[in-house]
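Colleague: My structure is in upload-v9.cif, and what it holds is mmCIF, C-alpha atoms:
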data_final
#
loop_
_atom_site.label_atom_id
_atom_site.label_comp_id
_atom_site.auth_asym_id
_atom_site.auth_seq_id
_atom_site.Cartn_x
_atom_site.Cartn_y
_atom_site.Cartn_z
CA MET A 843 17.19 31.32 -1.86
CA ALA A 844 20.87 30.41 -1.52
CA ALA A 845 20.37 29.76 2.21
CA THR A 846 17.35 27.58 1.48
CA PHE A 847 19.39 25.70 -1.10
CA LYS A 848 22.17 25.09 1.41
CA VAL A 849 19.76 23.66 3.99
CA SER A 850 17.62 21.54 1.68
CA LYS A 851 19.87 20.56 -1.25
CA ASN A 852 20.57 17.11 0.18
CA ARG A 853 16.99 16.54 1.35
CA PHE A 854 14.87 17.37 -1.69
CA GLY A 855 15.45 16.97 -5.39
CA GLY A 856 15.13 19.98 -7.67
CA VAL A 857 16.23 22.70 -5.24
CA GLY A 858 19.41 23.29 -7.24
CA TYR A 859 17.33 23.78 -10.40
CA PHE A 860 15.18 26.36 -8.60
CA LEU A 861 18.30 28.29 -7.68
CA LEU A 862 19.58 27.99 -11.25
CA HIS A 863 16.29 29.40 -12.53
CA PHE A 864 16.62 32.62 -10.55
CA ILE A 865 20.30 32.99 -11.49
CA PHE A 866 19.49 32.59 -15.20
CA GLN A 867 16.60 35.04 -14.93
CA ALA A 868 18.65 37.67 -13.12
CA VAL A 869 21.59 37.42 -15.52
CA GLY A 870 19.33 37.30 -18.59
CA MET A 871 17.29 40.35 -17.57
CA THR A 872 20.45 42.28 -16.67
CA ILE A 873 22.02 41.58 -20.06
CA ALA A 874 18.79 42.46 -21.89
CA LEU A 875 18.64 45.85 -20.16
CA MET A 876 22.19 46.62 -21.35
CA ARG A 877 20.98 47.02 -24.94
CA PRO A 878 22.09 48.88 -27.07
CA ALA A 879 25.39 49.22 -25.21
CA ILE A 880 26.33 45.62 -26.03
CA PRO A 881 25.96 43.57 -29.24
CA GLN A 882 22.58 42.02 -30.08
CA PHE A 883 23.98 38.53 -29.73
CA PHE A 884 24.36 39.14 -26.01
CA SER A 885 21.42 41.46 -25.32
CA VAL A 886 18.93 39.52 -27.47
CA ILE A 887 20.05 35.97 -28.19
CA LEU A 888 21.98 35.18 -25.02
CA ALA A 889 19.70 37.16 -22.69
CA ASN A 890 16.46 35.54 -23.89
CA THR A 891 18.06 32.10 -24.12
CA LEU A 892 19.15 32.38 -20.49
CA MET A 893 15.62 33.34 -19.45
CA ILE A 894 14.12 30.43 -21.39
CA CYS A 895 16.69 28.06 -19.89
CA GLY A 896 15.84 29.47 -16.46
CA VAL A 897 12.17 28.60 -16.84
CA ILE A 898 13.10 25.13 -18.13
CA SER A 899 15.37 24.70 -15.10
CA PHE A 900 12.44 25.63 -12.90
CA THR A 901 10.32 23.00 -14.68
CA LEU A 902 12.91 20.30 -14.09
CA GLY A 903 13.20 21.43 -10.47
CA ALA A 904 9.44 21.18 -9.95
CA ALA A 905 9.45 17.69 -11.46
CA MET A 906 12.30 16.51 -9.24
CA PHE A 907 10.83 18.20 -6.16
CA THR A 908 7.54 16.31 -6.64
CA ARG A 909 9.35 13.11 -7.71
CA ARG A 910 7.91 13.15 -11.21
CA ARG A 911 10.10 11.61 -13.89
CA VAL A 912 10.51 13.80 -16.99
CA SER A 913 12.78 13.52 -20.00
CA ARG A 914 15.24 16.35 -20.63
CA LEU A 915 15.39 15.72 -24.40
CA PRO A 916 12.13 17.56 -25.27
CA PHE A 917 13.36 20.61 -23.35
CA ALA A 918 16.70 20.52 -25.16
CA LEU A 919 14.92 20.39 -28.52
CA TYR A 920 12.54 23.15 -27.37
CA THR A 921 15.52 25.36 -26.49
CA GLY A 922 17.19 24.59 -29.82
CA VAL A 923 14.08 25.62 -31.76
CA PHE A 924 13.87 28.83 -29.72
CA ILE A 925 17.52 29.76 -30.39
CA ALA A 926 17.18 29.04 -34.11
CA ALA A 927 14.02 31.14 -34.38
CA PHE A 928 15.55 34.02 -32.42
CA LEU A 929 18.66 33.99 -34.56
CA TYR A 930 16.47 34.13 -37.68
CA PHE A 931 14.30 37.02 -36.46
CA THR A 932 17.32 38.91 -35.14
CA TYR A 933 19.80 38.70 -38.03
CA ILE A 934 17.99 37.41 -41.15
CA THR A 935 14.56 39.00 -40.76
CA PRO A 936 14.79 41.35 -37.77
CA ASP A 937 11.41 41.71 -36.10
CA ILE A 938 11.03 42.70 -32.43
CA GLN A 939 7.29 41.97 -32.44
CA ILE A 940 7.73 38.40 -33.58
CA ARG A 941 10.54 37.88 -31.08
CA ILE A 942 8.24 39.02 -28.26
CA LEU A 943 5.44 36.77 -29.55
CA LEU A 944 7.87 33.90 -29.89
CA PHE A 945 9.42 34.38 -26.44
CA SER A 946 6.07 34.81 -24.65
CA GLY A 947 4.28 32.14 -26.65
CA MET A 948 6.95 29.54 -25.91
CA LEU A 949 6.87 30.33 -22.18
CA ILE A 950 3.10 29.86 -21.82
CA PRO A 951 3.05 26.02 -22.28
CA ILE A 952 6.10 25.65 -20.02
CA PHE A 953 4.45 27.53 -17.16
CA LEU A 954 1.20 25.60 -17.70
CA TYR A 955 3.18 22.37 -17.48
CA VAL A 956 4.84 23.58 -14.27
CA ALA A 957 1.41 24.37 -12.79
CA CYS A 958 0.18 20.89 -13.78
CA ILE A 959 3.20 19.28 -12.07
CA LEU A 960 2.68 21.25 -8.87
CA PHE A 961 -1.10 20.94 -8.68
CA LYS A 962 -1.01 17.20 -9.41
CA PRO A 963 2.18 15.81 -7.86
CA THR A 964 2.83 12.08 -8.06
CA ASP A 965 2.77 11.96 -4.26
CA ALA A 966 -0.43 13.52 -2.88
CA THR A 967 1.35 14.45 0.36
CA TYR A 968 3.25 17.14 -1.57
CA LYS A 969 0.11 18.83 -2.87
CA GLU A 970 -0.48 21.08 0.13
CA HIS A 971 3.07 22.46 -0.17
CA CYS A 972 3.04 23.04 -3.94
CA GLY A 973 -0.26 24.87 -4.51
CA PHE A 974 1.10 28.37 -3.91
CA THR A 975 3.95 27.92 -6.39
CA GLY A 976 1.57 26.31 -8.88
CA THR A 977 -0.66 29.39 -8.65
CA ALA A 978 2.35 31.65 -9.30
CA ALA A 979 3.17 29.57 -12.41
CA LEU A 980 -0.43 29.99 -13.64
CA MET A 981 -0.17 33.75 -13.11
CA PHE A 982 2.99 33.80 -15.23
CA ALA A 983 1.21 31.87 -18.00
CA ALA A 984 -1.69 34.34 -17.85
CA LEU A 985 0.69 37.33 -17.93
CA PHE A 986 2.51 36.07 -21.01
CA LEU A 987 -0.82 35.31 -22.67
CA VAL A 988 -1.77 38.96 -22.10
CA ARG A 989 1.61 39.96 -23.49
CA VAL A 990 0.99 37.94 -26.63
CA TYR A 991 -2.42 39.59 -27.07
CA VAL A 992 -1.15 43.13 -26.44
CA THR A 993 1.83 42.68 -28.74
CA TYR A 994 -0.33 41.19 -31.47
CA ILE A 995 -2.99 43.95 -31.49
CA ASN A 996 -0.50 46.83 -31.11
CA GLY A 997 1.50 45.87 -34.18
CA PRO A 998 5.27 46.27 -34.51
CA VAL A 999 7.11 47.46 -31.42
CA ALA A 1000 9.94 49.91 -31.94
CA ASP A 1001 11.64 49.26 -28.62
CA TYR A 1002 10.06 46.85 -26.14
CA VAL A 1003 12.10 48.19 -23.22
CA ASN A 1004 10.90 51.74 -23.82
CA ALA A 1005 9.12 53.02 -20.70
CA GLN A 1006 6.35 54.46 -22.91
CA SER A 1007 5.47 51.11 -24.48
CA PRO A 1008 2.62 48.88 -23.13
CA ASP A 1009 5.16 46.12 -22.83
CA ALA A 1010 6.96 48.09 -20.12
CA ILE A 1011 3.98 47.58 -17.80
CA ILE A 1012 4.06 43.88 -18.53
CA ASN A 1013 7.78 43.84 -17.76
CA MET A 1014 7.00 45.47 -14.42
CA PHE A 1015 4.43 42.77 -13.63
CA THR A 1016 6.96 40.16 -14.73
CA THR A 1017 9.38 41.47 -12.11
CA LEU A 1018 6.68 41.45 -9.42
CA LEU A 1019 5.67 37.89 -10.31
CA THR A 1020 9.31 36.81 -10.20
CA VAL A 1021 9.50 38.08 -6.61
CA LEU A 1022 6.22 36.26 -5.86
CA LEU A 1023 7.59 33.08 -7.44
CA LEU A 1024 10.73 33.34 -5.31
CA TYR A 1025 8.63 33.70 -2.17
CA SER A 1026 6.36 30.81 -3.18
CA VAL A 1027 9.36 28.53 -3.75
CA GLN A 1028 10.73 29.42 -0.31
CA HIS A 1029 7.28 28.70 1.14
CA MET A 1030 7.08 25.37 -0.70
CA ILE A 1031 10.50 24.20 0.44
CA ASN A 1032 9.95 25.37 4.02
CA GLY A 1033 6.61 23.54 4.05
CA ARG A 1034 8.36 20.32 3.07
CA LEU A 1035 11.06 20.90 5.68
CA LEU A 1036 8.44 21.43 8.40
CA ALA A 1037 6.50 18.36 7.26
CA GLU A 1038 9.65 16.23 7.42
CA LEU A 1039 10.49 17.71 10.81
CA GLU A 1040 7.03 16.75 12.08
CA LEU A 1041 7.45 13.27 10.64
CA LEU A 1042 10.87 12.96 12.25
CA THR A 1043 9.44 14.15 15.56
CA ASP A 1044 6.62 11.61 15.35
CA THR A 1045 9.11 8.87 14.47
CA GLN A 1046 11.35 9.80 17.38
CA SER A 1047 8.35 9.91 19.71
CA GLY A 1048 7.37 6.46 18.52
CA MET A 1049 10.90 5.19 19.08
CA LEU A 1050 10.98 6.71 22.56
CA LEU A 1051 7.68 5.04 23.39
CA LYS A 1052 9.02 1.75 22.07
CA MET A 1053 12.22 2.14 24.09
CA GLU A 1054 10.17 2.98 27.16
CA HIS A 1055 8.04 -0.10 26.54
CA LEU A 1056 11.14 -2.27 26.22
CA ALA A 1057 12.63 -0.74 29.36
CA THR A 1058 9.52 -1.05 31.55
CA LYS A 1059 7.56 -4.03 30.20
CA ASP A 1060 8.17 -7.75 30.51
CA HIS A 1061 8.91 -9.21 27.07
CA LEU A 1062 6.72 -12.29 27.59
CA THR A 1063 3.62 -10.93 29.31
CA GLY A 1064 3.63 -7.24 28.44
CA ALA A 1065 3.14 -6.45 32.13
CA TYR A 1066 5.48 -4.21 34.10
CA ASN A 1067 8.91 -5.74 34.63
CA ARG A 1068 10.81 -5.91 37.91
CA ARG A 1069 12.69 -2.68 37.29
CA LYS A 1070 9.49 -0.71 36.72
CA ILE A 1071 7.76 -2.27 39.70
CA GLU A 1072 10.68 -1.28 41.93
CA GLU A 1073 10.32 2.32 40.68
CA ILE A 1074 6.59 2.20 41.44
CA ILE A 1075 7.20 0.87 44.97
CA LYS A 1076 9.75 3.65 45.62
CA SER A 1077 7.28 6.23 44.34
CA GLU A 1078 4.46 4.88 46.52
CA ILE A 1079 6.75 4.82 49.57
CA SER A 1080 7.56 8.49 48.93
CA ARG A 1081 3.85 9.26 48.76
CA TYR A 1082 3.28 7.27 51.96
CA ASN A 1083 5.95 9.35 53.69
CA ARG A 1084 4.14 12.55 52.66
CA ARG A 1085 0.56 11.49 53.41
CA GLU A 1086 0.90 8.37 55.59
CA GLN A 1087 -1.81 6.55 53.67
CA PRO A 1088 -1.65 2.73 53.94
CA LEU A 1089 0.33 0.83 51.32
CA CYS A 1090 0.37 -2.91 50.66
CA LEU A 1091 2.20 -5.41 48.46
CA ILE A 1092 0.77 -8.68 47.19
CA LEU A 1093 3.39 -11.19 46.07
CA CYS A 1094 2.12 -14.31 44.33
CA ASP A 1095 3.62 -17.42 42.80
CA ILE A 1096 2.19 -20.15 40.54
CA ASP A 1097 2.03 -23.41 42.47
CA ASN A 1098 4.00 -26.42 41.20
CA PHE A 1099 5.17 -24.50 38.16
CA LYS A 1100 8.19 -26.76 37.64
CA SER A 1101 5.92 -29.74 37.14
CA ILE A 1102 3.93 -27.78 34.54
CA ASN A 1103 7.15 -27.19 32.58
CA ASP A 1104 8.21 -30.82 33.03
CA ASN A 1105 4.83 -32.27 31.99
CA PHE A 1106 3.86 -29.90 29.20
CA GLY A 1107 7.01 -28.11 28.11
CA HIS A 1108 8.25 -24.55 28.45
CA ASP A 1109 5.91 -23.23 25.73
CA VAL A 1110 2.91 -24.25 27.81
CA GLY A 1111 4.64 -22.86 30.88
CA ASP A 1112 4.93 -19.48 29.18
CA LYS A 1113 1.24 -19.61 28.28
CA VAL A 1114 0.32 -20.34 31.90
CA ILE A 1115 2.40 -17.35 33.04
CA THR A 1116 0.71 -15.08 30.48
CA HIS A 1117 -2.74 -16.44 31.33
CA THR A 1118 -2.19 -15.81 35.04
CA ILE A 1119 -0.93 -12.22 34.75
CA ASP A 1120 -3.74 -11.43 32.29
CA LEU A 1121 -6.29 -12.54 34.90
CA ILE A 1122 -4.57 -10.50 37.60
CA THR A 1123 -4.40 -7.41 35.38
CA ALA A 1124 -8.03 -7.75 34.31
CA HIS A 1125 -9.40 -8.09 37.85
CA LYS A 1126 -7.19 -5.78 39.90
CA ARG A 1127 -8.29 -2.27 40.74
CA ASP A 1128 -7.37 0.58 38.41
CA THR A 1129 -5.25 2.16 41.13
CA ASP A 1130 -3.18 -1.00 41.61
CA LYS A 1131 -0.04 -1.74 39.59
CA ALA A 1132 0.78 -5.32 38.67
CA GLY A 1133 3.88 -6.80 37.10
CA ARG A 1134 6.08 -9.85 36.72
CA TRP A 1135 8.59 -10.03 39.55
CA GLY A 1136 10.56 -12.90 38.06
CA GLY A 1137 9.97 -16.39 36.70
CA GLU A 1138 6.47 -17.44 37.79
CA GLU A 1139 6.24 -14.73 40.49
CA PHE A 1140 4.04 -11.67 40.21
CA ILE A 1141 3.62 -8.61 42.36
CA ILE A 1142 0.80 -6.14 42.90
CA VAL A 1143 1.33 -2.69 44.44
CA CYS A 1144 -1.79 -1.54 46.28
CA PRO A 1145 -1.71 2.15 47.31
CA MET A 1146 -4.18 3.52 49.88
CA THR A 1147 -4.98 -0.04 50.99
CA ASN A 1148 -4.59 -1.63 54.41
CA ILE A 1149 -3.63 -5.26 54.92
CA GLU A 1150 -7.21 -6.42 55.55
CA HIS A 1151 -8.45 -5.07 52.21
CA ALA A 1152 -5.34 -6.26 50.37
CA THR A 1153 -5.79 -9.76 51.82
CA ALA A 1154 -9.43 -9.79 50.72
CA MET A 1155 -8.41 -8.71 47.21
CA ALA A 1156 -5.75 -11.42 47.08
CA GLU A 1157 -8.35 -14.01 48.08
CA ARG A 1158 -10.65 -12.79 45.33
CA LEU A 1159 -7.84 -13.07 42.76
CA ARG A 1160 -6.97 -16.57 44.04
CA ASN A 1161 -10.57 -17.71 43.46
CA ILE A 1162 -10.67 -16.15 39.99
CA ILE A 1163 -7.45 -17.85 38.92
CA GLU A 1164 -8.58 -21.19 40.32
CA SER A 1165 -11.92 -20.97 38.49
CA HIS A 1166 -10.40 -19.85 35.15
CA GLN A 1167 -8.11 -22.67 34.11
CA PRO A 1168 -5.99 -22.23 30.96
CA ASP A 1169 -6.82 -24.39 27.94
CA CYS A 1170 -3.17 -25.25 27.35
CA THR A 1171 -2.95 -27.64 30.32
CA GLN A 1172 -6.00 -29.58 29.04
CA GLU A 1173 -7.30 -29.91 32.61
CA ARG A 1174 -4.58 -32.51 33.33
CA GLN A 1175 -3.04 -30.24 35.93
CA LYS A 1176 -4.83 -27.57 37.88
CA VAL A 1177 -3.20 -24.15 37.92
CA THR A 1178 -3.35 -22.39 41.29
CA VAL A 1179 -1.51 -19.46 42.85
CA SER A 1180 -0.32 -18.73 46.38
CA PHE A 1181 -0.33 -15.17 47.76
CA GLY A 1182 1.64 -13.31 50.40
CA VAL A 1183 0.45 -9.88 51.61
CA ALA A 1184 2.44 -7.23 53.46
CA GLN A 1185 1.67 -3.70 54.66
CA TYR A 1186 4.31 -1.01 54.59
CA VAL A 1187 5.69 0.22 57.91
CA THR A 1188 7.36 3.60 58.27
CA GLY A 1189 11.11 3.35 57.80
CA SER A 1190 11.05 0.13 55.77
CA SER A 1191 13.21 -0.12 52.66
CA VAL A 1192 11.99 -1.46 49.35
CA GLU A 1193 13.96 -4.66 49.94
CA SER A 1194 12.54 -5.26 53.44
CA PHE A 1195 9.01 -4.46 52.22
CA VAL A 1196 9.25 -7.05 49.44
CA LYS A 1197 10.97 -9.54 51.75
CA CYS A 1198 8.07 -9.22 54.18
CA ALA A 1199 5.60 -10.14 51.43
CA ASP A 1200 7.91 -12.97 50.35
CA LYS A 1201 7.89 -14.43 53.86
CA ALA A 1202 4.10 -14.35 53.86
CA LEU A 1203 4.12 -16.10 50.46
CA TYR A 1204 6.43 -18.78 51.86
CA ARG A 1205 3.97 -19.38 54.69
CA ALA A 1206 1.15 -19.74 52.13
CA LYS A 1207 3.22 -22.40 50.34
CA GLN A 1208 3.87 -24.20 53.61
CA ARG A 1209 0.18 -24.12 54.35
CA GLY A 1210 -0.44 -26.32 51.32
CA ARG A 1211 -0.41 -23.82 48.39
CA ASN A 1212 -3.41 -22.20 46.71
CA ALA A 1213 -3.69 -19.97 49.78
CA VAL A 1214 -3.44 -16.35 50.91
CA MET A 1215 -1.33 -15.39 53.92
CA PRO A 1216 -0.93 -11.88 55.36
CA SER A 1217 2.31 -10.85 57.00
CA PRO A 1218 1.89 -11.15 60.77
CA GLY A 1219 4.50 -8.61 61.86
CA SER A 1220 6.71 -5.65 61.00
CA CYS A 1221 8.41 -5.29 57.63
CA LEU A 1222 11.47 -3.51 59.10
#
Represent the structure of the file as structure tokens.

Modeller:
Amino acid sequence: MAATFKVSKNRFGGVGYFLLHFIFQAVGMTIALMRPAIPQFFSVILANTLMICGVISFTLGAAMFTRRRVSRLPFALYTGVFIAAFLYFTYITPDIQIRILLFSGMLIPIFLYVACILFKPTDATYKEHCGFTGTAALMFAALFLVRVYVTYINGPVADYVNAQSPDAIINMFTTLLTVLLLYSVQHMINGRLLAELELLTDTQSGMLLKMEHLATKDHLTGAYNRRKIEEIIKSEISRYNRREQPLCLILCDIDNFKSINDNFGHDVGDKVITHTIDLITAHKRDTDKAGRWGGEEFIIVCPMTNIEHATAMAERLRNIIESHQPDCTQERQKVTVSFGVAQYVTGSSVESFVKCADKALYRAKQRGRNAVMPSPGSCL
């Protein structure tokens, strides 16, 4: 329990009270068993008061652990009444039977209250962790109810710690339930620790995904950014070197984009960029990877595709973009895109591969824009 306290004392409320409960119980039971070697004040008054205070500490711990607000004043008054009654039935009118009835009877409502706290925590997420301990508290309440009944029907008890008395069996069950309660508290705290660990893991996973998104996605369009596209091209070149399957790049650029910004403003320009990449992403093949290369330029990586098929795909995308004009330009300026297509050649670098597609794009612009041009030669 001390190790559990050390790990969880700063994470959960009430753990210190749980530890205090078991300390009070251990000390109280030890002092009680020392009778008649020590004065009654210690073996009766102090011992039973410590055990009552231990159960009250457990109650406060359960309330704090489940984030339930409780007042300490009723428990202080409850303890005061108990001490006064025990003093009376120890020194003024000595009666062991009444002391047992008083001790057990006053513990029953406390344990029932503990069970209520644990079975109905203020936060429902704690319920699955608290049920075991709540059951142990109910078993304690039932045990002390049996003790009240047995003590009442058996009449005065000469010595309640005598091994021959019925109460000795109840004391044995009390010890067993104390061990069960200790185990249940460990289980409850460990359950919360595991739940928080899972939550922390989920949070970290979410943060990692967010960081990955920020590192690989363009902030405006949500498409792959230049850094990610370069990684994809390198990966596809490595696969080409292993399998020698054709690989193509399609580089495209929005025609007359500067005039769109000048005529409509940069906000509309951003919308045109987003509109264009959305069309490309929606109509490319699943195996292709598209991203924003920079400014109004986009790039599509086409694995297992030769230049003829890549050129045909670029032409299809050109027609789609031309026929799906964005609303933001209000049809005052037609949005078109020029495409350059290049096929990878063994030994080419990423830079030369992209430069080859860029040269083809430049030729498409020279041709009058809104055109598709394949690279005529080597990309080395």

Colleague: Tell me, as an MDAnalysis selection string, which residues lie within 9 Å of stretch 918-930 of chain A, counting all atoms listed in the file; anything in the same chain fewer than 6 positions away does not count.

Modeller: chainID A and resid 883 886:888 890:891 894:895 898 936 941 944:945 948

Colleague: Those residues with C-alpha atoms, as a short mmCIF file (atom, residue, chain, number, x, y, z; two decimals), keeping the file's coordinate frame please?

Modeller:
data_model
loop_
_atom_site.label_atom_id
_atom_site.label_comp_id
_atom_site.auth_asym_id
_atom_site.auth_seq_id
_atom_site.Cartn_x
_atom_site.Cartn_y
_atom_site.Cartn_z
CA PHE A 883 23.98 38.53 -29.73
CA VAL A 886 18.93 39.52 -27.47
CA ILE A 887 20.05 35.97 -28.19
CA LEU A 888 21.98 35.18 -25.02
CA ASN A 890 16.46 35.54 -23.89
CA THR A 891 18.06 32.10 -24.12
CA ILE A 894 14.12 30.43 -21.39
CA CYS A 895 16.69 28.06 -19.89
CA ILE A 898 13.10 25.13 -18.13
CA PRO A 936 14.79 41.35 -37.77
CA ARG A 941 10.54 37.88 -31.08
CA LEU A 944 7.87 33.90 -29.89
CA PHE A 945 9.42 34.38 -26.44
CA MET A 948 6.95 29.54 -25.91
#

Colleague: Give as number ranges by chain the residues that the PyMOL selection byres ((chain A and resi 943) around 9) matches when applied to the coordinates above.

Modeller: A: 938-942, 944-948, 989-991, 993-994

Colleague: Give as JSON, numbers by chain each residue that has an atom at most 10 Å from (21.1, 39.8, -21.5) in the file, counting all atoms listed in the file.

Modeller: {"A": [866, 867, 868, 869, 870, 871, 872, 873, 874, 875, 876, 877, 880, 881, 882, 883, 884, 885, 886, 887, 888, 889, 890, 891, 892, 893]}

Colleague: Between atom CA of A:Arg1085 and atom CA of A:Gly1189, what is the distance in Å, rounded to a tenth?

Modeller: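 Between atom CA of A:Arg1085 and atom CA of A:Gly1189 the gap is 14.0 Å.
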
Colleague: Pick the closest to A:Ser1191 from A:Lys1076, A:Val1021, A:Ala984, A:Tyr933: which is it, counting only C-alpha atoms?

Modeller: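 Of A:Lys1076, A:Val1021, A:Ala984, A:Tyr933, the one nearest A:Ser1191, counting only C-alpha atoms, is A:Lys1076.
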
Colleague: My list of candidates is A:Leu960, A:Cys1170, A:Val1187, A:Leu1023. Which is closest to A:Asn1105 when distances are computed with all atoms listed in the file?

Modeller: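 Among A:Leu960, A:Cys1170, A:Val1187, A:Leu1023, it is A:Cys1170 that comes nearest to A:Asn1105.
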